[in-house]
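Note: the block below is my_file-v4.cif and it holds mmCIF, C-alpha atoms and all ligand atoms.
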```cif
data_coords
#
loop_
_atom_site.label_atom_id
_atom_site.label_comp_id
_atom_site.auth_asym_id
_atom_site.auth_seq_id
_atom_site.Cartn_x
_atom_site.Cartn_y
_atom_site.Cartn_z
CA MET O 1 -15.16 1.21 8.76
CA LYS O 2 -13.81 -0.75 5.83
CA VAL O 3 -10.02 -1.12 5.70
CA VAL O 4 -8.23 -2.24 2.53
CA ALA O 5 -4.81 -3.88 2.86
CA VAL O 6 -2.60 -4.52 -0.15
CA LEU O 7 0.27 -6.84 0.73
CA GLY O 8 3.07 -6.46 -1.79
CA SER O 9 5.51 -9.22 -0.90
CA PRO O 10 5.77 -12.65 -2.55
CA HIS O 11 6.39 -13.97 0.98
CA PRO O 12 3.11 -14.21 2.92
CA ASP O 13 5.13 -14.86 6.08
CA GLY O 14 8.00 -12.44 5.38
CA PRO O 15 8.59 -9.36 7.50
CA SER O 16 6.54 -6.83 5.51
CA SER O 17 3.49 -9.14 5.42
CA THR O 18 3.91 -10.11 9.08
CA ILE O 19 3.98 -6.47 10.19
CA ALA O 20 1.05 -5.61 7.91
CA LYS O 21 -0.93 -8.50 9.41
CA GLU O 22 -0.26 -7.07 12.87
CA VAL O 23 -1.76 -3.73 11.75
CA ILE O 24 -4.70 -5.73 10.37
CA ARG O 25 -5.08 -7.60 13.67
CA GLY O 26 -5.27 -4.28 15.49
CA ALA O 27 -7.82 -2.94 12.99
CA LYS O 28 -9.99 -6.04 13.37
CA ASP O 29 -9.80 -5.80 17.18
CA ALA O 30 -11.05 -2.22 16.82
CA GLY O 31 -14.08 -3.59 14.97
CA HIS O 32 -13.10 -2.71 11.41
CA GLU O 33 -13.80 -4.90 8.39
CA VAL O 34 -10.55 -5.65 6.54
CA VAL O 35 -10.33 -6.63 2.86
CA ILE O 36 -6.92 -8.09 1.98
CA TYR O 37 -5.35 -8.09 -1.49
CA GLN O 38 -2.23 -10.24 -1.83
CA ILE O 39 -0.51 -8.68 -4.83
CA ASP O 40 1.04 -11.95 -6.04
CA ASP O 41 -2.41 -13.55 -6.22
CA ILE O 42 -3.78 -10.77 -8.45
CA ASP O 43 -3.50 -10.98 -12.21
CA PHE O 44 -3.17 -7.35 -13.22
CA LYS O 45 -1.45 -5.12 -15.74
CA GLY O 46 0.17 -1.71 -15.62
CA CYS O 47 -1.67 1.49 -16.56
CA ARG O 48 -1.87 1.67 -20.35
CA GLY O 49 -2.38 5.43 -20.44
CA CYS O 50 -5.46 4.85 -22.58
CA GLY O 51 -7.24 7.92 -21.19
CA TYR O 52 -10.58 6.14 -20.72
CA CYS O 53 -10.76 7.21 -17.07
CA LYS O 54 -10.26 10.87 -18.02
CA GLN O 55 -12.72 10.80 -20.93
CA HIS O 56 -15.45 9.03 -18.95
CA ASP O 57 -14.77 10.22 -15.39
CA ALA O 58 -14.53 6.57 -14.45
CA ASP O 59 -12.45 4.05 -12.58
CA CYS O 60 -9.91 2.09 -14.60
CA ILE O 61 -11.49 0.22 -17.52
CA LEU O 62 -8.91 -2.60 -17.53
CA ASP O 63 -10.78 -5.85 -16.97
CA ASP O 64 -8.29 -7.60 -14.72
CA GLY O 65 -7.70 -8.68 -11.14
CA LEU O 66 -7.84 -5.14 -9.76
CA LYS O 67 -11.48 -4.70 -10.86
CA PRO O 68 -13.04 -5.40 -7.39
CA TYR O 69 -10.40 -3.24 -5.73
CA TRP O 70 -11.83 0.09 -6.94
CA LYS O 71 -15.17 -0.44 -5.22
CA ASP O 72 -13.42 -1.42 -1.99
CA LEU O 73 -11.16 1.62 -2.24
CA HIS O 74 -14.10 4.02 -2.71
CA GLU O 75 -15.81 2.46 0.31
CA CYS O 76 -12.82 2.32 2.64
CA GLY O 77 -11.66 4.64 5.38
CA ALA O 78 -8.11 3.31 5.50
CA LEU O 79 -5.56 1.79 3.13
CA ILE O 80 -2.60 -0.29 4.32
CA VAL O 81 0.16 -0.92 1.76
CA SER O 82 3.19 -3.12 2.42
CA ALA O 83 6.16 -4.10 0.29
CA PRO O 84 9.74 -5.27 0.39
CA ASN O 85 12.54 -3.15 -0.98
CA TYR O 86 13.89 -4.40 -4.29
CA ALA O 87 16.83 -2.57 -5.90
CA SER O 88 16.62 0.39 -3.50
CA ASN O 89 12.94 1.03 -4.09
CA VAL O 90 9.48 -0.34 -3.43
CA ARG O 91 9.04 -3.70 -5.24
CA GLY O 92 8.09 -3.20 -8.89
CA ASP O 93 4.71 -4.95 -8.70
CA MET O 94 3.61 -2.42 -6.10
CA ILE O 95 4.79 0.49 -8.25
CA THR O 96 2.74 -0.98 -11.10
CA TYR O 97 -0.25 -1.16 -8.73
CA MET O 98 0.39 2.42 -7.58
CA ASN O 99 0.45 3.67 -11.20
CA ARG O 100 -3.11 2.38 -11.69
CA HIS O 101 -4.40 5.07 -9.30
CA TYR O 102 -4.00 7.54 -12.18
CA CYS O 103 -7.72 6.93 -12.77
CA LEU O 104 -8.61 8.67 -9.53
CA PHE O 105 -8.08 12.09 -11.14
CA THR O 106 -10.36 13.69 -13.68
CA ILE O 107 -9.26 16.69 -15.72
CA LYS O 108 -12.06 19.23 -16.14
CA ASP O 109 -11.44 22.57 -17.87
CA GLY O 110 -7.73 22.03 -17.39
CA ASN O 111 -8.12 21.45 -13.65
CA PHE O 112 -7.50 18.22 -11.80
CA THR O 113 -10.48 16.97 -9.80
CA LEU O 114 -10.32 14.03 -7.42
CA ARG O 115 -12.63 11.09 -8.03
CA ILE O 116 -12.21 9.62 -4.56
CA HIS O 117 -13.36 10.86 -1.19
CA PRO O 118 -10.64 12.68 0.73
CA GLY O 119 -9.20 11.62 4.06
CA ILE O 120 -8.56 7.88 3.55
CA LYS O 121 -6.03 6.99 6.25
CA LEU O 122 -2.82 5.62 4.77
CA VAL O 123 -0.27 3.29 6.39
CA GLY O 124 2.98 2.27 4.64
CA ILE O 125 5.03 -0.77 5.70
CA PHE O 126 8.36 -1.63 4.10
CA SER O 127 11.08 -4.20 4.74
CA GLN O 128 14.67 -4.10 3.58
CA GLY O 129 18.03 -5.80 4.08
CA ASN O 130 19.86 -2.54 4.70
CA SER O 131 20.16 -1.91 8.44
CA ASP O 132 19.65 1.85 8.08
CA PRO O 133 15.88 2.57 8.20
CA GLU O 134 16.47 5.98 6.59
CA ALA O 135 18.45 4.57 3.62
CA TYR O 136 15.48 4.43 1.24
CA MET O 137 13.04 6.68 3.07
CA ASP O 138 12.87 9.17 0.15
CA ASN O 139 11.69 6.35 -2.14
CA TYR O 140 9.09 5.13 0.35
CA LYS O 141 7.83 8.71 0.68
CA TRP O 142 7.73 9.08 -3.10
CA PHE O 143 5.62 5.92 -3.37
CA LEU O 144 3.22 6.97 -0.61
CA GLY O 145 3.12 10.50 -2.03
CA ASP O 146 1.13 9.25 -5.00
CA PHE O 147 -1.62 8.15 -2.59
CA GLN O 148 -1.32 11.38 -0.61
CA ASN O 149 -1.82 13.25 -3.89
CA ARG O 150 -5.21 11.57 -3.90
CA ALA O 151 -6.01 13.25 -0.57
CA MET O 152 -5.11 10.25 1.57
CA GLU O 153 -3.74 11.09 5.00
CA LEU O 154 -0.50 9.37 5.97
CA GLN O 155 -0.69 7.91 9.48
CA ASP O 156 2.76 6.35 9.70
CA ILE O 157 5.56 4.59 7.82
CA LEU O 158 7.00 1.44 9.40
CA VAL O 159 10.37 0.23 8.11
CA HIS O 160 11.74 -3.17 9.10
CA THR O 161 15.44 -3.85 8.68
CA GLY O 162 16.96 -7.32 8.87
CA GLY O 163 15.24 -10.67 8.67
CA MET O 164 12.96 -12.99 10.52
CA PRO O 165 11.76 -14.13 13.00
CA LEU O 166 9.99 -11.04 14.22
CA ASP O 167 9.53 -11.03 17.97
CA PRO O 168 5.82 -10.34 18.64
CA ASP O 169 6.96 -8.09 21.50
CA SER O 170 9.36 -6.09 19.32
CA GLU O 171 8.88 -2.36 19.06
CA ILE O 172 7.75 -2.48 15.42
CA MET O 173 5.13 -5.20 16.08
CA THR O 174 3.79 -3.31 19.10
CA LYS O 175 3.63 -0.13 17.02
CA ALA O 176 1.93 -2.00 14.16
CA TYR O 177 -0.85 -3.36 16.37
CA LYS O 178 -1.44 0.05 17.98
CA LEU O 179 -1.55 1.70 14.55
CA GLY O 180 -4.25 -0.73 13.42
CA LYS O 181 -6.21 -0.39 16.65
CA GLU O 182 -6.23 3.40 16.35
CA LEU O 183 -7.21 3.65 12.70
C1 LIG P 201 15.39 -8.77 -6.00
C2 LIG P 201 15.74 -8.26 -4.63
C3 LIG P 201 16.33 -7.02 -4.50
C4 LIG P 201 16.62 -6.51 -3.24
N1 LIG P 201 17.19 -5.27 -3.15
C5 LIG P 201 17.43 -4.74 -1.92
C6 LIG P 201 18.01 -3.45 -1.80
O1 LIG P 201 18.33 -2.76 -2.78
N2 LIG P 201 18.22 -2.96 -0.55
C7 LIG P 201 17.89 -3.66 0.58
O2 LIG P 201 18.08 -3.15 1.68
N3 LIG P 201 17.34 -4.89 0.50
C8 LIG P 201 17.11 -5.45 -0.73
N4 LIG P 201 16.57 -6.71 -0.82
C9 LIG P 201 16.25 -7.44 0.41
C10 LIG P 201 14.77 -7.38 0.78
O3 LIG P 201 14.29 -6.05 0.76
C11 LIG P 201 14.57 -7.93 2.18
O4 LIG P 201 14.95 -9.31 2.19
C12 LIG P 201 13.15 -7.78 2.67
O5 LIG P 201 13.16 -7.91 4.07
C13 LIG P 201 12.19 -8.82 2.08
O6 LIG P 201 10.91 -8.61 2.68
P1 LIG P 201 9.67 -9.60 2.47
O7 LIG P 201 10.13 -10.98 2.91
O8 LIG P 201 8.61 -9.02 3.35
O9 LIG P 201 9.33 -9.60 1.03
C14 LIG P 201 16.31 -7.26 -2.08
C15 LIG P 201 15.73 -8.53 -2.22
C16 LIG P 201 15.46 -9.03 -3.48
C17 LIG P 201 14.83 -10.39 -3.61
#
```

Go ahead and render the structure in this file as structure tokens.
Amino acid sequence: MKVVAVLGSPHPDGPSSTIAKEVIRGAKDAGHEVVIYQIDDIDFKGCRGCGYCKQHDADCILDDGLKPYWKDLHECGALIVSAPNYASNVRGDMITYMNRHYCLFTIKDGNFTLRIHPGIKLVGIFSQGNSDPEAYMDNYKWFLGDFQNRAMELQDILVHTGGMPLDPDSEIMTKAYKLGKEL
């Protein structure tokens, strides 16, 4: 199975990326192919609401760094998204990325039709300074809900509180590996 991972932190070795990489390690050990998108390395824009996707029943027409992503997404069986918390919510770049999934709906005869196969497994990983893992849970669920609205199936949400280093034997790292292995 193809797994797509979108890592939304500017810190490749920060907690959200480290935990996401542990999910990826598990997925690779299970024999899955993993395609990684590091959001800070992608030159992309926000949805322009141009309506091209709706008029042409097509993936997003914007010719930018997300172009190869759509093919990978249509081919994948699992999507891993990770991000730090900025200003009480998922980091803005990742919300911009999330908005681009607007193209995965077509409106026919007033009804919404999905343009992506249902059942993509979804994993959300977030890191925050606040020591209460529930503090921003509603915002994480709101973010992931946009993917669930595209018939993705949430497997788990991992929230890291505090800083680094992350003990490889910590509960969250053990959980992350298992999650990847069982995708
Ligand atoms: C601009 C900015 C805003 C932040 N806002 C919050 C916040 O509102 N609540 C919080 O708990 N942590 C906040 N943090 C802390 C980060 O979420 C925390 O350091 C996180 O672990 C960083 O993860 P990363 O290294 O994987 O990117 C903020 C950090 C930055 C840089």

Of the listed residues O:His32, O:His117, O:Lys175, O:Arg91, that which approaches ligand LIG 201 (chain P) most closely, counting all atoms listed in the file: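 For ligand LIG 201 (chain P), the nearest of the candidates is O:Arg91.
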
Taking all atoms listed in the file into account, name the residue in O:Ile24, O:Met137, O:Ala5, O:Leu62 that is nearest to Tyr37 of chain O.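 Ranking O:Ile24, O:Met137, O:Ala5, O:Leu62 by distance to Tyr37 of chain O, first place goes to O:Ala5.
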
Name the residues, by chain letter and number, that sit within 7 Å of ligand LIG 201 (chain P) using all atoms listed in the file, and give them as a list in words.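 For ligand LIG 201 (chain P), the residues inside 7 Å are Ser9, Pro10, His11, Gly14, Pro15, Ser16, Ser17, Ala83, Pro84, Asn85, Tyr86, Ala87, Ser88, Asn89, Ser127, Gln128, Gly129, Asn130, Thr161, Gly162 and Gly163 of chain O.
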
Between atom CA of Leu7 of chain O and atom CA of Val81 of chain O, distance in Å (one decimal): 6.0 Å

Kindly give the distance, in Å, that separates atom CA of Leu114 of chain O and atom CA of Ala151 of chain O, rounded to a single decimal.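 For atom CA of Leu114 of chain O relative to atom CA of Ala151 of chain O, the distance reads 8.1 Å.
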
To one decimal place in Å, what is the distance between atom CA of Lys121 of chain O and atom CA of Glu153 of chain O?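 Calculated distance between atom CA of Lys121 of chain O and atom CA of Glu153 of chain O is 4.9 Å.
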
Enclose the full set of atoms of segment 8-24 of chain O listed in the file within a box whose edges lie along x, y and z, apply 6 Å of padding to each of the six sides, and report centre and edge lengths in Å to one decimal as lines of an AutoDock Vina configuration file.
```
center_x = 1.9
center_y = -9.3
center_z = 5.2
size_x = 25.3
size_y = 23.1
size_z = 27.4
```

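The closest residue to Tyr177 of chain O, picked from O:Val4, O:Ile125, O:Ile42, O:Ala27 and counting all atoms listed in the file, is O:Ala27.
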
If we count all atoms listed in the file and set the cut-off at 8 Å, which residues sit around Cys76 of chain O, ignoring sequence neighbours fewer than 2 positions away in its own chain? Please answer as a ChimeraX atom specification. /O:1-4,72-74,78-79,120

Nearest residue to Val6 of chain O from the set O:Tyr69, O:Phe105, O:Tyr136, O:Phe147 (distances using only C-alpha atoms):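 Looking at the shortest contact to Val6 of chain O, the residue is O:Tyr69.
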
Counting only C-alpha atoms, which residue out of O:Val90, O:Leu166, O:Ile116, O:Ile172 sits closest to Tyr140 of chain O? O:Val90

Excluding Leu154 of chain O and its own-chain neighbours fewer than 4 positions away, which residues fall within 7 Å of it when counting only C-alpha atoms? Please give them as a ChimeraX atom specification. /O:121-123,148

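Shortest separation to Gly46 of chain O among O:Asp63, O:Arg100, O:Lys71, O:Asp29 occurs at residue O:Arg100, atoms counted being all atoms listed in the file.
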
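The residue set within 10 Å of Lys108 of chain O, counting only C-alpha atoms and dropping same-chain residues fewer than 6 places from it, reads O:Lys54, O:Gln55, O:Asp57.
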